[in-house]
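Accompanying notes for the structure given below.
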Amino acid sequence: MSPRGGMGGAAAGYGLMRSFRRDPSVTRQALPKGLVRRVLRFAAPYRRMLAVYFVLIVLDALIGAANPLVYKAIIDRGILPKRTGIIIALAGLVAGLALADSALSLWQRWISARVGEGLIYDLRTTVFEHLQRMPLAFFVRTQTGALVSRLNNDVLDAQSAFTDTASSVVSNAVTVVVMLAAMFLLSWQITLVALALLPVFLVPARLVGRRIQAITRESYNLNALMTSTMTERFNVAGALLVRLFGHPEHEAATFAARAGRVRDIGVTQAMYTRVFMVALLLTASLATAVAYGWGGVQAAHGVYLVGTVVALSAYLTRLYAPLTGLSNVQVDIMTALVSFDRIFEVLDLEPMVADAPDAVDLPRGPAAVRFEHVDFRYPRADEVSLASLESVATLDQAPAEQVLFDIDFEVGPGQLVALVGPSGAGKTTISHLVPRLYDPTAGTVRINGLDLRRATLASVRAAVGVVTQDAHLFHETIRENLRYAKPDASDHELWAALEAAQVADLVRSLPDGLDTMVGDRGYRLSGGEKQRIAIARLLLKAPDVVVLDEATAHLDAESERAVQEALASALAGRTALVIAHRLSTIRRADLILVLDHGRIVERGRHQDLLAADGLYADLYRTQFADQDPEAERSAEPVGPGRTTG
């Protein structure tokens with residue numbers, strides 16, 4: 001709404017301060033061609049409501065401009081000639097205009113809320129849905145805080161283009177045009193003097209504005225740092241690290257220094273805001289003094305009517321805020337467009353892993369997994385990410401090194417293949433290709449003969465289940481974490497999965513049972529308990545293929561035994577690809593693949609590979625021999641001149 005003086009004028013002034021806090025450097029940014037058309041297309045569902053909204057803004061501005069003319073008529077045609085009937089009629093008109101203005105204000109606010117909140121909903125859900133389709137490599141590179149900012153700050157700034165900025169521009173423009181037209185008709189001389197006074201306010205305001213922009217940027221940066229600090233220190237892992245290394249006083253002092261600077265900036269901003277408001281009101285008051293002084297003298301000599309002087313003074317008190325707002329309108333519009341551009345920047349980043357146009361569902365049932373001469377390199381930053389989401393000036397464009405070379409093997413239905421090898425050999429990378437977290441750069445990964453690039457992602461995710469070494473649970477109940485695999489699962493199905501995962505007794509012993517909150521990342525549970533809950537979730541999903549990074553290396557003996565029993569249930573009758581940490585798993589594998597530097601260097605069964613006395617034999621001696629009861633009783637050679645010792 002256009003300002004009405006009094007509190008309305010103060011609100012308008014604070015709105016202008018927000019405008020002056022915006023960084024004018026946005027006007028120098030090169031925006032993509034067609035951005036405005038794209039923004040308008042995004043707002044197309046609300047075009048009728050927006051049309052009504054802008055009509056209401058115009059009517060509201062006209063009512064505001066009409067009031068001083070009614071006051072003039074009351075004085076000149078009613079009070080001075082002592083015509084009470086006209087006074088009462090015009091007073092009724094003022095009351096009617098006030099009621100109409102109130103109704104228009106409520107109607108505007110309703111439309112503004114509907115459009116604004118609707119746009120926020122549309123933008124957030126569109127961005128969130130798009131991010132859900134992004135590949136794992138995208139999340140590996142980007143900062144979580146930057147993504148959250150796109151869904152919050154940028155969405156809110158973009159939405160303001162249709163509520164705050166657009167309504168302000170239209171309202172201010174209509175108000176200024178109507179008021180200046182009326183003022184020129186009343187007295188072009190006083191109007192020109194009033195306009196000449198505008199630089200008296202505007203020039204200092206811009207100087208103050210530049211200082212405000214500098215400290216506002218500093219404030220935003222400090223707030224971002226504090227938010228990042230809190231996010232990292234308040235999660236369980238961060239809090240544990242602080243306590244283990246014993247620097248809480250340093251953490252508190254660092255945070256206090258930043259918070260203190262934000263406090264000081266807040267005080268400075270408050271004073272600049274008050275100076276801005278005082279300057280605005282002072283300029284309006286000086287113009288009013290000119291109107292009453294000059295106009296009053298002219299009225300005393302019969303040049304102007306008294307009502308003309310009153311009307312001019314009323315206009316002057318309301319003129320400077322919209323004029324100043326229009327002077328900074330380019331910054332306001334560009335700020336909104338830049339926010340839209342940042343949102344579209346994310347939406348335009350196409351996911352590397354997506355459904356092909358002719359994608360078909362992967363058939364369910366006993367599954368064979370086939371790697372055919374697969375090469376792989378991880379994508380470069382410029383292929384999957386944005387500089388603004390990594391907080392860097394430019395993305396790293398260095399070519400990524402190849403990590404897999406000519407990987408070729410097959411896992412038959414119901415078979416288990418164990419992947420072993422030194423750290424960095426490529427085991428985890430292979431495990432990521434089966435659920436299609438990545439696509440190979442050469443060669444093909446097939447399930448039941450179907451190239452996974454031709455299968456729908458939904459069917460691949462349904463057919464392939466994964467349990468990672470660090471099982472992740474959401475900060476929700478056990479029930480909700482399990483139902484993430486099968487949203488419509490009954491309690492009977494949940495308990496059956498928990499029984500098979502050897503964790504039902506634990507859940508029954510908890511005060512809230514299935515409704516127990518597991519905490520951030522499941523930290524209220526032990527490592528073994530988390531793993532068994534994750535295995536229960538896998539069993540509930542009932543996949544045809546299981547990809548497993550055995551997570552028993554850091555568990556105590558009792559937890560390890562329980563997890564191993566749960567894994568036996570998870571693997572029973574299913575095709576399995578296991579990054580093996582346990583000799584028991586390796587021994588029962590139908591095929592062991594030994595990887596080194598991204599290549600399969602050996603393959604076979606346990607005893608055959610030991611007899612070959614190659615890399616597997618070395619790994620056995622360094623990693624697995626202590627798990628073999630027979631190794632302690634025998635130091636028989638496993639190859640020429642070498643022992644298991």
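Here's how to read the names in the structure tokens: chain A, B, ... by the order shown, residue numbers from 1 in each chain, ligand numbers from 1 in the order shown.
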List as a PyMOL selection string the protein and nucleic acid residues near Lys541 (chain A), meaning an atom at most 10 Å away when only C-alpha atoms are counted, but skip any in the same chain fewer than 4 places from it. chain A and resi 461-465+482-487+489+497+535-537
Ile57 (chain A) environment, 12 Å, only C-alpha atoms, sequence neighbours closer than 3 positions dropped, as number ranges by chain: A: 1-3, 50-54, 60-64, 101, 103-109, 111-112, 163-164, 166-175
Would you kindly return, as a PDB file with C-alpha atoms, in the first residue's frame, each protein, DNA or RNA residue with an atom no farther than 12 Å from any atom of region 130-138 of chain A, considering only C-alpha atoms and excluding same-chain residues fewer than 6 positions away?
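Writing the result to result_7.pdb gives the following:
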ATOM      1  CA  LEU A 123       9.707 -22.771  -5.790  1.00  0.00           C
ATOM      2  CA  ARG A 124      10.655 -24.829  -2.745  1.00  0.00           C
ATOM      3  CA  THR A 144      24.687 -28.444   2.687  1.00  0.00           C
ATOM      4  CA  LEU A 147      21.612 -25.828  -0.651  1.00  0.00           C
ATOM      5  CA  VAL A 148      19.489 -24.903   2.356  1.00  0.00           C
ATOM      6  CA  ARG A 150      18.688 -21.751  -1.970  1.00  0.00           C
ATOM      7  CA  LEU A 151      15.538 -23.280  -0.484  1.00  0.00           C
ATOM      8  CA  ILE A 343      17.228 -20.732  -8.176  1.00  0.00           C
ATOM      9  CA  PHE A 344      17.083 -21.400 -11.920  1.00  0.00           C
ATOM     10  CA  GLU A 345      20.834 -22.058 -11.821  1.00  0.00           C
ATOM     11  CA  VAL A 346      20.152 -25.083  -9.628  1.00  0.00           C
ATOM     12  CA  LEU A 347      17.133 -26.188 -11.667  1.00  0.00           C
ATOM     13  CA  ASP A 348      19.176 -25.991 -14.879  1.00  0.00           C
ATOM     14  CA  LEU A 349      21.844 -28.328 -13.523  1.00  0.00           C
ATOM     15  CA  GLU A 350      20.767 -31.569 -15.164  1.00  0.00           C
ATOM     16  CA  PRO A 351      21.314 -34.771 -13.163  1.00  0.00           C
ATOM     17  CA  MET A 352      23.977 -37.001 -14.706  1.00  0.00           C
ATOM     18  CA  VAL A 353      22.051 -40.113 -13.679  1.00  0.00           C
ATOM     19  CA  ALA A 354      18.495 -39.972 -15.005  1.00  0.00           C
ATOM     20  CA  ASP A 355      15.849 -42.092 -16.688  1.00  0.00           C
ATOM     21  CA  ARG A 377      36.110 -42.004 -13.494  1.00  0.00           C
ATOM     22  CA  TYR A 378      34.352 -39.741 -11.049  1.00  0.00           C
ATOM     23  CA  PRO A 379      32.773 -36.666 -12.675  1.00  0.00           C
ATOM     24  CA  ARG A 380      34.578 -33.336 -12.713  1.00  0.00           C
ATOM     25  CA  ALA A 381      33.222 -30.520 -10.576  1.00  0.00           C
ATOM     26  CA  ASP A 382      31.935 -28.585 -13.590  1.00  0.00           C
ATOM     27  CA  GLU A 383      29.912 -31.646 -14.651  1.00  0.00           C
ATOM     28  CA  VAL A 384      27.895 -32.003 -11.456  1.00  0.00           C
ATOM     29  CA  SER A 385      28.206 -28.879  -9.343  1.00  0.00           C
ATOM     30  CA  LEU A 386      28.082 -25.075  -9.175  1.00  0.00           C
ATOM     31  CA  ALA A 387      30.779 -22.750  -7.904  1.00  0.00           C
ATOM     32  CA  LEU A 389      27.293 -24.175  -4.026  1.00  0.00           C
ATOM     33  CA  GLU A 390      30.915 -25.001  -3.246  1.00  0.00           C
ATOM     34  CA  THR A 429      33.201 -47.566  -6.532  1.00  0.00           C
ATOM     35  CA  HIS A 432      28.104 -47.675  -6.207  1.00  0.00           C
ATOM     36  CA  LEU A 433      27.579 -48.763  -9.807  1.00  0.00           C
ATOM     37  CA  PRO A 435      22.398 -49.360  -7.474  1.00  0.00           C
ATOM     38  CA  ARG A 436      23.229 -46.857 -10.228  1.00  0.00           C
ATOM     39  CA  LEU A 437      24.483 -44.086  -7.986  1.00  0.00           C
ATOM     40  CA  TYR A 438      26.830 -43.468 -10.919  1.00  0.00           C
ATOM     41  CA  ASP A 439      26.958 -44.644 -14.536  1.00  0.00           C
ATOM     42  CA  LEU A 457      15.755 -45.505 -11.530  1.00  0.00           C
ATOM     43  CA  ALA A 458      12.740 -46.392  -9.403  1.00  0.00           C
TER      44      ALA A 458
END
Coordinates-based distance that separates CA of Leu99 (chain A) from CA of Ile86 (chain A) (Å, one decimal): 19.7 Å
Pick the closest to Asp451 (chain A) from A:Arg370, A:Arg38, A:Lys72, A:His492: which is it, counting only C-alpha atoms?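 Closest candidate: A:Arg370.
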Against region 579-588 of chain A, which residues of region 453-522 of chain A fall within 12 Å? For each one I want the closest pair of atoms and the distance in Å (one decimal), counting only C-alpha atoms, rows by chain and increasing residue number, as CSV.
residue,atom,partner,partner_atom,distance
A:Val466,CA,A:Ile579,CA,11.4
A:Val467,CA,A:Ile579,CA,10.6
A:Thr468,CA,A:Ile579,CA,9.7
A:Gln469,CA,A:Ile579,CA,9.5
Output file for the selection above: N, CA and C atoms, as a PDB file, in the first residue's frame:
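Result file selection09.pdb:
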ATOM      1  N   VAL A 466      21.008 -51.757  -0.312  1.00  0.00           N
ATOM      2  CA  VAL A 466      22.379 -51.437   0.082  1.00  0.00           C
ATOM      3  C   VAL A 466      22.436 -51.220   1.587  1.00  0.00           C
ATOM      4  N   VAL A 467      23.445 -51.784   2.221  1.00  0.00           N
ATOM      5  CA  VAL A 467      23.765 -51.465   3.612  1.00  0.00           C
ATOM      6  C   VAL A 467      25.215 -51.011   3.634  1.00  0.00           C
ATOM      7  N   THR A 468      25.426 -49.777   4.044  1.00  0.00           N
ATOM      8  CA  THR A 468      26.777 -49.216   4.052  1.00  0.00           C
ATOM      9  C   THR A 468      27.468 -49.506   5.379  1.00  0.00           C
ATOM     10  N   GLN A 469      28.756 -49.244   5.410  1.00  0.00           N
ATOM     11  CA  GLN A 469      29.521 -49.505   6.628  1.00  0.00           C
ATOM     12  C   GLN A 469      29.091 -48.562   7.753  1.00  0.00           C
TER      13      GLN A 469
END
Residue nearest Leu35 (chain A) among A:Val417, A:Val403, A:Asp608, A:Val338 (counting only C-alpha atoms):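 Residue with the minimum atom-to-atom distance to Leu35 (chain A): A:Val338.
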I'd like the contact shell of region 245-251 of chain A - 10 Å cut-off, only C-alpha atoms, skipping same-chain residues fewer than 5 positions apart - returned as a ChimeraX atom specification. /A:229,233,239-240,256
Identify which of the residues A:Thr268, A:Thr335, A:Gln607, A:Thr456 lies closest to Ile215 (chain A), counting only C-alpha atoms when measuring atom-to-atom distances.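 Of the candidates, the smallest distance to Ile215 (chain A) is held by A:Thr268.
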In terms of only C-alpha atoms, the residue from A:Ile74, A:Leu202, A:Ile190, A:Leu337 at minimal distance from Ser160 (chain A) is A:Leu337
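Between Gly443 (chain A) and the candidates A:Val177, A:Phe405, A:Ala501, A:Arg114, the tightest atom-to-atom separation, counting only C-alpha atoms, involves A:Phe405.
Comparing A:Leu197, A:Ala252, A:Phe234, A:Gly296 by their smallest distance to Leu282 (chain A), the closest is A:Leu197 (using only C-alpha atoms).
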Give me the residues within 12 Å of Leu609 (chain A) as a list in words, counting only C-alpha atoms and dropping any in the same chain fewer than 3 places off.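 Near Leu609 (chain A), the qualifying residues are Val420, Ile586, Arg587, Leu591, Ile592, Leu593, Val594, Val601, Glu602, Arg603, Gly604, Arg605, His606, Ala612, Asp613, Gly614, Leu615, Tyr616, Ala617, Asp618, Leu619, Tyr620, Val638 and Gly639 of chain A.
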Between CA of Gln531 (chain A) and CA of Gly598 (chain A), what is the spacing in Å? 28.0 Å
